[in-house]
>>> print(open('upload.txt').read())   # compact mmCIF, C-alpha atoms and all ligand atoms
# COMPACT_ATOMS: atom_id res chain seq x y z
CA MET A 1 -10.34 18.44 37.01
CA LYS A 2 -9.52 20.74 34.11
CA LYS A 3 -12.26 22.21 31.93
CA ARG A 4 -12.03 22.21 28.20
CA GLU A 5 -14.58 24.13 26.20
CA HIS A 6 -16.13 22.48 23.18
CA ILE A 7 -17.04 24.39 20.06
CA LYS A 8 -19.11 22.53 17.51
CA ILE A 9 -19.01 23.74 13.93
CA VAL A 10 -21.05 22.36 11.05
CA LEU A 11 -20.26 22.84 7.39
CA LEU A 12 -23.25 22.88 5.11
CA GLY A 13 -24.11 23.78 1.55
CA ASP A 14 -24.80 22.18 -1.81
CA LYS A 15 -23.00 19.08 -2.99
CA MET A 16 -19.58 19.68 -4.59
CA THR A 17 -19.17 23.07 -2.94
CA GLY A 18 -15.99 21.87 -1.22
CA LYS A 19 -17.05 21.27 2.41
CA THR A 20 -15.05 18.07 2.84
CA SER A 21 -12.06 19.60 1.07
CA LEU A 22 -12.15 22.55 3.45
CA ARG A 23 -12.21 20.31 6.52
CA LYS A 24 -9.48 18.01 5.23
CA ARG A 25 -7.22 20.81 4.05
CA TYR A 26 -7.48 22.48 7.42
CA PHE A 27 -6.93 19.36 9.51
CA SER A 28 -4.48 17.37 7.39
CA GLY A 29 -3.08 19.92 4.95
CA HIS A 30 -4.05 17.76 1.96
CA PHE A 31 -6.20 18.53 -1.06
CA ASN A 32 -7.76 15.89 -3.29
CA GLU A 33 -8.86 16.78 -6.85
CA THR A 34 -11.23 13.81 -6.81
CA GLU A 35 -12.76 14.04 -3.35
CA LEU A 36 -15.62 11.55 -2.95
CA ALA A 37 -19.13 12.75 -2.12
CA THR A 38 -19.88 12.56 1.60
CA ILE A 39 -22.50 10.12 2.75
CA GLY A 40 -23.91 11.39 6.04
CA ALA A 41 -21.08 13.36 7.64
CA GLY A 42 -17.34 13.52 8.24
CA PHE A 43 -15.64 14.70 11.42
CA ASP A 44 -12.37 16.13 12.74
CA SER A 45 -11.38 17.85 15.94
CA ARG A 46 -8.47 19.84 17.28
CA VAL A 47 -7.56 21.30 20.64
CA PHE A 48 -6.28 24.85 20.70
CA THR A 49 -5.46 27.42 23.35
CA LEU A 50 -6.67 30.98 23.34
CA GLN A 51 -5.96 33.40 26.17
CA ASP A 52 -4.82 30.54 28.44
CA LYS A 53 -8.02 28.58 27.87
CA GLU A 54 -8.25 25.24 26.17
CA TYR A 55 -10.86 24.72 23.47
CA GLU A 56 -11.74 21.68 21.46
CA MET A 57 -13.02 22.54 18.04
CA GLU A 58 -15.20 19.85 16.49
CA VAL A 59 -15.91 20.20 12.79
CA TRP A 60 -18.71 18.22 11.18
CA ASP A 61 -18.95 18.28 7.44
CA THR A 62 -22.32 17.14 6.14
CA SER A 63 -23.50 15.82 2.79
CA GLY A 64 -24.91 18.32 0.32
CA GLU A 65 -27.22 15.68 -1.18
CA GLU A 66 -30.78 16.55 -0.29
CA LYS A 67 -31.66 12.86 0.00
CA TYR A 68 -29.37 12.62 3.07
CA GLN A 69 -30.88 15.64 4.81
CA SER A 70 -32.87 13.65 7.34
CA ILE A 71 -29.59 12.09 8.55
CA CYS A 72 -27.62 15.33 8.35
CA ARG A 73 -30.04 17.30 10.48
CA MET A 74 -28.95 15.42 13.59
CA TYR A 75 -25.44 16.84 13.16
CA TYR A 76 -26.78 20.39 13.38
CA ARG A 77 -27.90 19.92 16.98
CA ASN A 78 -25.84 21.97 19.48
CA ALA A 79 -23.74 23.53 16.73
CA ALA A 80 -22.40 26.90 17.83
CA VAL A 81 -21.64 27.94 14.30
CA ALA A 82 -22.56 26.92 10.78
CA ILE A 83 -20.27 27.64 7.88
CA LEU A 84 -22.45 27.89 4.80
CA CYS A 85 -20.40 27.05 1.75
CA TYR A 86 -21.06 27.97 -1.83
CA ASP A 87 -18.89 27.59 -4.94
CA VAL A 88 -17.66 31.08 -5.82
CA THR A 89 -18.29 30.45 -9.55
CA ILE A 90 -21.73 28.75 -9.38
CA TYR A 91 -24.67 31.06 -8.78
CA SER A 92 -27.15 28.30 -7.97
CA THR A 93 -25.06 27.23 -4.96
CA PHE A 94 -25.23 30.78 -3.62
CA GLN A 95 -28.98 30.93 -4.27
CA LYS A 96 -29.43 27.79 -2.18
CA LEU A 97 -27.94 29.37 0.95
CA ASN A 98 -31.38 30.39 2.20
CA TYR A 99 -32.54 26.79 1.84
CA TRP A 100 -29.60 25.63 4.01
CA ILE A 101 -30.27 28.31 6.61
CA GLY A 102 -33.88 27.09 6.76
CA GLU A 103 -32.74 23.49 7.27
CA LEU A 104 -30.33 24.55 9.99
CA TYR A 105 -32.85 26.71 11.84
CA LYS A 106 -35.34 23.83 12.00
CA ILE A 107 -32.88 22.23 14.42
CA GLN A 108 -30.58 24.91 15.85
CA GLU A 109 -31.94 28.42 15.72
CA SER A 110 -29.28 29.92 17.98
CA CYS A 111 -26.50 28.92 15.60
CA LYS A 112 -24.17 31.67 14.40
CA ILE A 113 -23.76 31.78 10.61
CA TYR A 114 -20.73 32.46 8.44
CA VAL A 115 -20.82 32.41 4.65
CA CYS A 116 -17.81 30.92 2.90
CA ALA A 117 -17.17 31.23 -0.84
CA THR A 118 -15.01 28.24 -1.73
CA LYS A 119 -12.64 27.56 -4.65
CA LEU A 120 -11.17 31.05 -4.67
CA ASP A 121 -8.36 29.76 -6.95
CA LEU A 122 -10.91 29.33 -9.78
CA LEU A 123 -11.20 33.10 -10.05
CA ASP A 124 -7.93 33.03 -12.01
CA GLN A 125 -9.94 31.50 -14.88
CA TYR A 126 -13.61 32.24 -14.19
CA GLU A 127 -15.82 35.09 -13.06
CA ALA A 128 -17.29 35.10 -9.57
CA ASN A 129 -21.01 34.39 -9.80
CA PRO A 130 -22.57 36.30 -8.12
CA GLN A 131 -20.08 39.18 -7.97
CA ILE A 132 -18.17 39.35 -4.69
CA ASN A 133 -19.47 42.82 -3.83
CA PHE A 134 -23.04 41.49 -4.17
CA VAL A 135 -22.26 38.74 -1.64
CA GLU A 136 -20.58 41.24 0.65
CA SER A 137 -23.78 43.33 0.65
CA TYR A 138 -25.87 40.21 1.26
CA ALA A 139 -23.64 39.33 4.23
CA ARG A 140 -23.79 42.87 5.63
CA GLU A 141 -27.57 43.05 5.30
CA ASN A 142 -27.98 39.71 7.04
CA GLY A 143 -25.41 40.42 9.75
CA VAL A 144 -23.19 37.48 8.83
CA LYS A 145 -19.46 37.35 8.16
CA PHE A 146 -18.21 36.45 4.72
CA PHE A 147 -14.98 34.63 3.84
CA LEU A 148 -13.34 33.49 0.61
CA THR A 149 -11.14 30.40 0.77
CA SER A 150 -9.32 27.95 -1.45
CA SER A 151 -8.72 24.43 -0.23
CA LYS A 152 -6.57 23.82 -3.29
CA THR A 153 -4.00 26.53 -2.54
CA GLY A 154 -4.83 26.88 1.15
CA GLU A 155 -5.41 30.62 0.65
CA ASN A 156 -7.29 32.25 3.54
CA LEU A 157 -8.03 28.91 5.11
CA VAL A 158 -6.08 29.09 8.33
CA TYR A 159 -6.90 32.77 8.67
CA SER A 160 -10.63 32.07 8.25
CA MET A 161 -10.69 29.15 10.65
CA ARG A 162 -8.79 31.14 13.25
CA SER A 163 -11.17 34.02 12.83
CA TRP A 164 -14.20 31.73 13.27
CA MET A 165 -12.66 30.23 16.38
CA THR A 166 -11.62 33.50 17.95
CA THR A 167 -15.04 35.07 17.43
CA LEU A 168 -16.70 32.07 19.01
CA ALA A 169 -14.35 31.92 21.92
CA ILE A 170 -14.59 35.65 22.58
CA HIS A 171 -18.38 35.58 22.46
CA LYS A 172 -18.37 32.46 24.61
CA ILE A 173 -20.56 30.52 22.23
CA HIS A 174 -19.66 27.07 23.39
CA ARG A 175 -20.48 24.32 25.83
CA VAL A 176 -18.25 23.68 28.78
CA VAL A 177 -17.56 20.05 29.53
CA PRO A 178 -15.23 18.65 32.15
CA ILE A 179 -12.37 16.46 30.97
CA GLN A 180 -10.10 14.19 33.03
N1 LIG B 201 -10.24 24.18 -7.70
C1 LIG B 201 -10.72 23.84 -6.54
N2 LIG B 201 -11.47 22.71 -6.43
C2 LIG B 201 -11.96 22.39 -5.21
C3 LIG B 201 -11.73 23.20 -4.06
N3 LIG B 201 -12.37 22.63 -3.00
C4 LIG B 201 -12.93 21.51 -3.49
N4 LIG B 201 -12.69 21.34 -4.81
C5 LIG B 201 -13.12 20.24 -5.66
O1 LIG B 201 -14.55 20.24 -5.72
C6 LIG B 201 -15.06 18.91 -5.72
C7 LIG B 201 -16.04 18.71 -4.57
O2 LIG B 201 -15.37 18.87 -3.33
P1 LIG B 201 -15.90 18.22 -1.97
O3 LIG B 201 -15.01 18.70 -0.90
O4 LIG B 201 -16.08 16.75 -2.11
O5 LIG B 201 -17.35 18.89 -1.89
P2 LIG B 201 -18.48 18.63 -0.79
O6 LIG B 201 -19.15 19.94 -0.57
O7 LIG B 201 -17.91 17.95 0.39
O8 LIG B 201 -19.48 17.65 -1.56
P3 LIG B 201 -20.58 16.64 -0.93
O9 LIG B 201 -19.88 15.75 0.06
O10 LIG B 201 -21.11 15.88 -2.11
O11 LIG B 201 -21.64 17.48 -0.30
C8 LIG B 201 -13.82 17.99 -5.62
O12 LIG B 201 -13.50 17.55 -6.93
C9 LIG B 201 -12.74 18.88 -5.07
O13 LIG B 201 -11.44 18.49 -5.49
C10 LIG B 201 -10.94 24.38 -4.20
O14 LIG B 201 -10.69 25.16 -3.26
N5 LIG B 201 -10.49 24.64 -5.46
MG MG B 202 -18.32 16.15 1.25
>>> encode(input="upload.txt", output="structure tokens")
Amino acid sequence: MKKREHIKIVLLGDKMTGKTSLRKRYFSGHFNETELATIGAGFDSRVFTLQDKEYEMEVWDTSGEEKYQSICRMYYRNAAVAILCYDVTIYSTFQKLNYWIGELYKIQESCKIYVCATKLDLLDQYEANPQINFVESYARENGVKFFLTSSKTGENLVYSMRSWMTTLAIHKIHRVVPIQ
């Protein structure tokens, strides 16, 4: 029997920050300008090989609506990593990151955290809010990695996902389950 290692990732953050778009762009290569709000959670998975080992990455993208939080919390359980998304141009979505970390830690304290500024393409027209160097300092001070992505153009997306996966695999933050 061969062993495949499972890595569970949850995407969380305020509504409209682009969590579903990030998941869909990564898994299907498509971007939708009028993505519908998520009710509960969405899911995708992919098998990949790293250093001769097989991993199955499961990505759960949860609703940013606070009224769905009681449902969403159950998706945080056993997550190895949480990708906290904020809209790179909307300060309030960055400010809410601590709220999301609190929600996550109620369920899964051992979860590794990455911060992802979404909608990087908007910086052609708008200012980053907060400034990127402020977020970089925040990430450094809190010992978390920071990424900027655009699901619209695909910029940094594959690179970021690969980096999340590699870090997890290297640090062996995953469950091992037997497969047939
Ligand atoms: N310009 C631009 N728009 C984006 C990007 N990612 C998402 N959007 C748009 O932002 C809106 C919200 O995206 P979603 O992916 O539905 O956001 P969400 O975080 O899943 O929202 P909830 O499910 O309500 O929590 C949609 O209109 C998307 O088309 C991006 O990288 N660039
Ligand atoms: Mg969504």
>>> residues_near_ligand(input="upload.txt", ligand="ligand LIG 201 (chain B)", cutoff="9 Å", atoms="only C-alpha atoms and all ligand atoms", output="count of residues only")
47
>>> atom_distance(input="upload.txt", atom1="CA of Lys8 (chain A)", atom2="CA of Arg140 (chain A)")
24.0 Å
>>> atom_distance(input="upload.txt", atom1="CA of Lys67 (chain A)", atom2="CA of Ile7 (chain A)")
27.4 Å
>>> closest_residue(input="upload.txt", among="A:Leu50, A:Cys72, A:Met57, A:Leu157", to="ligand MG 202 (chain B)", atoms="only C-alpha atoms and all ligand atoms")
A:Cys72
>>> residues_near_point(input="upload.txt", point="(-7.2, 28.0, 26.3)", cutoff="12 Å", atoms="all atoms listed in the file", output="ChimeraX atom specification")
/A:2-6,47-57,165-166,169-170
>>> atom_distance(input="upload.txt", atom1="CA of Asp44 (chain A)", atom2="CA of Val10 (chain A)")
10.8 Å
>>> closest_residue(input="upload.txt", among="A:Val88, A:Ala82, A:Val115, A:Leu148", to="Glu127 (chain A)", atoms="all atoms listed in the file")
A:Val88
>>> axis_aligned_box(input="upload.txt", around="region 23-38 of chain A", padding_each_side="5 Å", output="JSON")
{"center_x": -11.5, "center_y": 17.0, "center_z": 1.3, "size_x": 26.8, "size_y": 20.9, "size_z": 26.4}
>>> closest_residue(input="upload.txt", among="A:Phe147, A:Tyr105, A:Trp60, A:Tyr126", to="ligand MG 202 (chain B)", atoms="all atoms listed in the file")
A:Trp60
>>> closest_residue(input="upload.txt", among="A:Phe94, A:Tyr99, A:Phe146, A:Tyr26", to="Cys116 (chain A)", atoms="all atoms listed in the file")
A:Phe146
>>> closest_residue(input="upload.txt", among="A:Phe43, A:Ala79, A:Val135, A:Ile101", to="ligand MG 202 (chain B)", atoms="all atoms listed in the file")
A:Phe43
